[in-house]
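Novice: Handing you a structure now.
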Amino acid sequence: MDAAVVGVPSRRWGESPLAVVVRAPGSELDEEAVLTHRREQLARFKVPTGVAFVVALPRNATGEVRRGEVRRRVMTATEEAGG
């Protein structure tokens with residue numbers, strides 16, 4: 001599993017964390033499993049409010065996740081879905 005957390009707009013908080021996850025091949029990982037695991041590991045305010053599954057995360061030349069690009073893609077997908 002590969003993942004990143006990005007901030008997305010929230011009416012209640014201004015911005016909330018969203019986990020963006022790449023499932024391992026053959027994995028049946030679902031949103032509840034990700035959130036349950038994070039609840040066990042993080043302070044309540046740091047736990048993502050949702051999970052978005054993607055095929056791959058964009059990376060720069062040194063292999064770091066391009067969080068700005070991840071956020072743009074999530075926001076675009078949300079707008080296209082009408083949310």
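Residues are referred to by chain and number: the chain letter is A, B, ... according to the order shown in the structure tokens, the number counts from 1 in that chain, and ligands are numbered separately from 1 in the order shown.
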Any idea what's packed within 9 Å of segment 18-28 of chain A, counting only C-alpha atoms, ignoring anything in its chain fewer than 6 positions away? Could you give it as number ranges by chain?

Specialist: A: 1-8, 34-35, 47-57, 70, 74

Novice: Go ahead and save the picked residues with N, CA, C and O atoms, as a short mmCIF file (atom, residue, chain, number, x, y, z; two decimals), in the first residue's frame.

Specialist:
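To be explicit, this is the file written out as again06.cif:
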data_model
loop_
_atom_site.label_atom_id
_atom_site.label_comp_id
_atom_site.auth_asym_id
_atom_site.auth_seq_id
_atom_site.Cartn_x
_atom_site.Cartn_y
_atom_site.Cartn_z
N MET A 1 0.84 -1.17 0.00
CA MET A 1 0.00 0.00 0.00
C MET A 1 0.89 1.24 0.00
O MET A 1 1.89 1.31 0.69
N ASP A 2 0.50 2.21 -0.78
CA ASP A 2 1.17 3.49 -0.86
C ASP A 2 0.11 4.53 -0.52
O ASP A 2 -1.05 4.38 -0.92
N ALA A 3 0.47 5.57 0.22
CA ALA A 3 -0.56 6.53 0.63
C ALA A 3 0.02 7.91 0.87
O ALA A 3 1.22 8.08 1.11
N ALA A 4 -0.87 8.89 0.83
CA ALA A 4 -0.54 10.27 1.17
C ALA A 4 -1.78 10.86 1.82
O ALA A 4 -2.89 10.39 1.61
N VAL A 5 -1.58 11.90 2.61
CA VAL A 5 -2.71 12.60 3.22
C VAL A 5 -2.65 14.04 2.75
O VAL A 5 -1.60 14.68 2.79
N VAL A 6 -3.79 14.54 2.27
CA VAL A 6 -3.87 15.92 1.80
C VAL A 6 -5.07 16.59 2.46
O VAL A 6 -6.01 15.93 2.90
N GLY A 7 -5.03 17.90 2.53
CA GLY A 7 -6.14 18.66 3.07
C GLY A 7 -7.17 18.94 1.99
O GLY A 7 -6.81 19.28 0.86
N VAL A 8 -8.43 18.79 2.34
CA VAL A 8 -9.52 19.10 1.42
C VAL A 8 -10.49 20.03 2.15
O VAL A 8 -10.59 20.00 3.37
N VAL A 34 -8.90 1.23 6.52
CA VAL A 34 -7.88 2.30 6.58
C VAL A 34 -8.16 3.21 7.78
O VAL A 34 -7.27 3.50 8.58
N LEU A 35 -9.42 3.63 7.93
CA LEU A 35 -9.76 4.55 9.00
C LEU A 35 -9.62 3.89 10.38
O LEU A 35 -9.16 4.53 11.33
N VAL A 47 -6.90 11.96 12.40
CA VAL A 47 -7.45 10.85 11.62
C VAL A 47 -8.15 11.41 10.38
O VAL A 47 -8.97 12.33 10.48
N PRO A 48 -7.85 10.87 9.20
CA PRO A 48 -8.52 11.34 7.98
C PRO A 48 -10.04 11.20 8.09
O PRO A 48 -10.55 10.29 8.74
N THR A 49 -10.74 12.11 7.45
CA THR A 49 -12.19 12.07 7.46
C THR A 49 -12.73 11.20 6.34
O THR A 49 -13.92 10.91 6.31
N GLY A 50 -11.87 10.79 5.43
CA GLY A 50 -12.29 9.94 4.32
C GLY A 50 -11.08 9.35 3.64
O GLY A 50 -9.93 9.68 3.96
N VAL A 51 -11.35 8.46 2.68
CA VAL A 51 -10.29 7.79 1.94
C VAL A 51 -10.65 7.82 0.46
O VAL A 51 -11.79 7.55 0.09
N ALA A 52 -9.68 8.16 -0.38
CA ALA A 52 -9.85 8.09 -1.83
C ALA A 52 -8.83 7.07 -2.34
O ALA A 52 -7.66 7.13 -1.98
N PHE A 53 -9.30 6.13 -3.15
CA PHE A 53 -8.40 5.13 -3.72
C PHE A 53 -8.01 5.55 -5.14
O PHE A 53 -8.88 5.96 -5.92
N VAL A 54 -6.72 5.47 -5.45
CA VAL A 54 -6.20 5.85 -6.76
C VAL A 54 -5.30 4.74 -7.29
O VAL A 54 -4.88 3.85 -6.55
N VAL A 55 -5.00 4.81 -8.58
CA VAL A 55 -4.14 3.80 -9.21
C VAL A 55 -2.68 4.04 -8.87
O VAL A 55 -1.92 3.10 -8.63
N ALA A 56 -2.26 5.32 -8.83
CA ALA A 56 -0.86 5.66 -8.53
C ALA A 56 -0.80 7.08 -7.98
O ALA A 56 -1.67 7.89 -8.25
N LEU A 57 0.25 7.35 -7.23
CA LEU A 57 0.49 8.70 -6.71
C LEU A 57 1.57 9.36 -7.57
O LEU A 57 2.57 8.72 -7.91
N VAL A 70 -1.55 15.70 -6.00
CA VAL A 70 -2.54 14.77 -5.44
C VAL A 70 -3.80 15.55 -5.06
O VAL A 70 -4.91 15.17 -5.40
N VAL A 74 -7.60 15.17 -6.59
CA VAL A 74 -8.74 14.83 -5.73
C VAL A 74 -9.82 15.89 -5.87
O VAL A 74 -11.01 15.57 -5.99
#

Novice: Check chain A with DSSP on the backbone and list each residue it calls alpha helix (DSSP H), as a ChimeraX atom specification.

Specialist: /A:31-41,67-80

Novice: Next, the residues of the selection above should be written as a PDB file, in the first residue's frame with N, CA and C atoms.

Specialist:
ATOM      1  N   GLU A  31     -12.267   1.473   2.792  1.00  0.00           N
ATOM      2  CA  GLU A  31     -12.169   2.721   3.550  1.00  0.00           C
ATOM      3  C   GLU A  31     -12.216   2.477   5.053  1.00  0.00           C
ATOM      4  N   GLU A  32     -13.119   1.635   5.512  1.00  0.00           N
ATOM      5  CA  GLU A  32     -13.255   1.402   6.950  1.00  0.00           C
ATOM      6  C   GLU A  32     -11.985   0.792   7.547  1.00  0.00           C
ATOM      7  N   ALA A  33     -11.325  -0.108   6.819  1.00  0.00           N
ATOM      8  CA  ALA A  33     -10.091  -0.723   7.316  1.00  0.00           C
ATOM      9  C   ALA A  33      -8.991   0.329   7.472  1.00  0.00           C
ATOM     10  N   VAL A  34      -8.896   1.234   6.519  1.00  0.00           N
ATOM     11  CA  VAL A  34      -7.883   2.296   6.584  1.00  0.00           C
ATOM     12  C   VAL A  34      -8.164   3.206   7.784  1.00  0.00           C
ATOM     13  N   LEU A  35      -9.416   3.633   7.925  1.00  0.00           N
ATOM     14  CA  LEU A  35      -9.761   4.550   9.004  1.00  0.00           C
ATOM     15  C   LEU A  35      -9.621   3.895  10.377  1.00  0.00           C
ATOM     16  N   THR A  36      -9.986   2.629  10.491  1.00  0.00           N
ATOM     17  CA  THR A  36      -9.837   1.914  11.762  1.00  0.00           C
ATOM     18  C   THR A  36      -8.365   1.846  12.158  1.00  0.00           C
ATOM     19  N   HIS A  37      -7.514   1.517  11.206  1.00  0.00           N
ATOM     20  CA  HIS A  37      -6.075   1.447  11.485  1.00  0.00           C
ATOM     21  C   HIS A  37      -5.543   2.812  11.930  1.00  0.00           C
ATOM     22  N   ARG A  38      -5.937   3.861  11.241  1.00  0.00           N
ATOM     23  CA  ARG A  38      -5.468   5.204  11.590  1.00  0.00           C
ATOM     24  C   ARG A  38      -5.978   5.636  12.955  1.00  0.00           C
ATOM     25  N   ARG A  39      -7.218   5.270  13.298  1.00  0.00           N
ATOM     26  CA  ARG A  39      -7.757   5.623  14.627  1.00  0.00           C
ATOM     27  C   ARG A  39      -6.931   5.005  15.745  1.00  0.00           C
ATOM     28  N   GLU A  40      -6.383   3.829  15.478  1.00  0.00           N
ATOM     29  CA  GLU A  40      -5.555   3.150  16.476  1.00  0.00           C
ATOM     30  C   GLU A  40      -4.172   3.788  16.612  1.00  0.00           C
ATOM     31  N   GLN A  41      -3.719   4.482  15.585  1.00  0.00           N
ATOM     32  CA  GLN A  41      -2.359   5.000  15.542  1.00  0.00           C
ATOM     33  C   GLN A  41      -2.228   6.508  15.766  1.00  0.00           C
ATOM     34  N   ARG A  67       2.325  16.213  -3.306  1.00  0.00           N
ATOM     35  CA  ARG A  67       1.065  16.401  -2.605  1.00  0.00           C
ATOM     36  C   ARG A  67       0.154  17.443  -3.262  1.00  0.00           C
ATOM     37  N   GLY A  68       0.741  18.484  -3.786  1.00  0.00           N
ATOM     38  CA  GLY A  68      -0.060  19.501  -4.476  1.00  0.00           C
ATOM     39  C   GLY A  68      -0.799  18.912  -5.659  1.00  0.00           C
ATOM     40  N   GLU A  69      -0.120  18.063  -6.413  1.00  0.00           N
ATOM     41  CA  GLU A  69      -0.742  17.400  -7.559  1.00  0.00           C
ATOM     42  C   GLU A  69      -1.815  16.418  -7.087  1.00  0.00           C
ATOM     43  N   VAL A  70      -1.547  15.696  -6.000  1.00  0.00           N
ATOM     44  CA  VAL A  70      -2.542  14.768  -5.441  1.00  0.00           C
ATOM     45  C   VAL A  70      -3.796  15.554  -5.058  1.00  0.00           C
ATOM     46  N   ARG A  71      -3.608  16.657  -4.370  1.00  0.00           N
ATOM     47  CA  ARG A  71      -4.745  17.473  -3.942  1.00  0.00           C
ATOM     48  C   ARG A  71      -5.527  17.996  -5.139  1.00  0.00           C
ATOM     49  N   ARG A  72      -4.837  18.482  -6.168  1.00  0.00           N
ATOM     50  CA  ARG A  72      -5.515  18.982  -7.375  1.00  0.00           C
ATOM     51  C   ARG A  72      -6.350  17.875  -8.020  1.00  0.00           C
ATOM     52  N   ARG A  73      -5.781  16.681  -8.107  1.00  0.00           N
ATOM     53  CA  ARG A  73      -6.508  15.562  -8.714  1.00  0.00           C
ATOM     54  C   ARG A  73      -7.739  15.186  -7.901  1.00  0.00           C
ATOM     55  N   VAL A  74      -7.599  15.166  -6.594  1.00  0.00           N
ATOM     56  CA  VAL A  74      -8.739  14.832  -5.727  1.00  0.00           C
ATOM     57  C   VAL A  74      -9.824  15.895  -5.866  1.00  0.00           C
ATOM     58  N   MET A  75      -9.434  17.152  -5.863  1.00  0.00           N
ATOM     59  CA  MET A  75     -10.397  18.243  -5.973  1.00  0.00           C
ATOM     60  C   MET A  75     -11.108  18.194  -7.329  1.00  0.00           C
ATOM     61  N   THR A  76     -10.373  17.920  -8.396  1.00  0.00           N
ATOM     62  CA  THR A  76     -10.964  17.821  -9.724  1.00  0.00           C
ATOM     63  C   THR A  76     -11.956  16.663  -9.787  1.00  0.00           C
ATOM     64  N   ALA A  77     -11.584  15.521  -9.237  1.00  0.00           N
ATOM     65  CA  ALA A  77     -12.475  14.358  -9.238  1.00  0.00           C
ATOM     66  C   ALA A  77     -13.739  14.657  -8.431  1.00  0.00           C
ATOM     67  N   THR A  78     -13.600  15.373  -7.321  1.00  0.00           N
ATOM     68  CA  THR A  78     -14.735  15.718  -6.473  1.00  0.00           C
ATOM     69  C   THR A  78     -15.680  16.661  -7.211  1.00  0.00           C
ATOM     70  N   GLU A  79     -15.120  17.642  -7.901  1.00  0.00           N
ATOM     71  CA  GLU A  79     -15.940  18.598  -8.649  1.00  0.00           C
ATOM     72  C   GLU A  79     -16.669  17.894  -9.781  1.00  0.00           C
ATOM     73  N   GLU A  80     -15.987  16.972 -10.472  1.00  0.00           N
ATOM     74  CA  GLU A  80     -16.599  16.250 -11.582  1.00  0.00           C
ATOM     75  C   GLU A  80     -17.717  15.321 -11.091  1.00  0.00           C
TER      76      GLU A  80
END

Novice: Enumerate the residues of chain A with a DSSP assignment of strand (DSSP E), computed from the backbone, and present them as a list in words.

Specialist: Asp2, Ala3, Ala4, Val5, Val6, Gly7, Val8, Pro9, Ser10, Gly14, Glu15, Ser16, Pro17, Leu18, Ala19, Val20, Val21, Val22, Gly50, Val51, Ala52, Phe53 and Val54 of chain A

Novice: Atom CA of Leu42 of chain A to atom CA of Asn60 of chain A: how many Å, to one decimal?

Specialist: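 According to the coordinates, atom CA of Leu42 of chain A and atom CA of Asn60 of chain A are separated by 27.4 Å.
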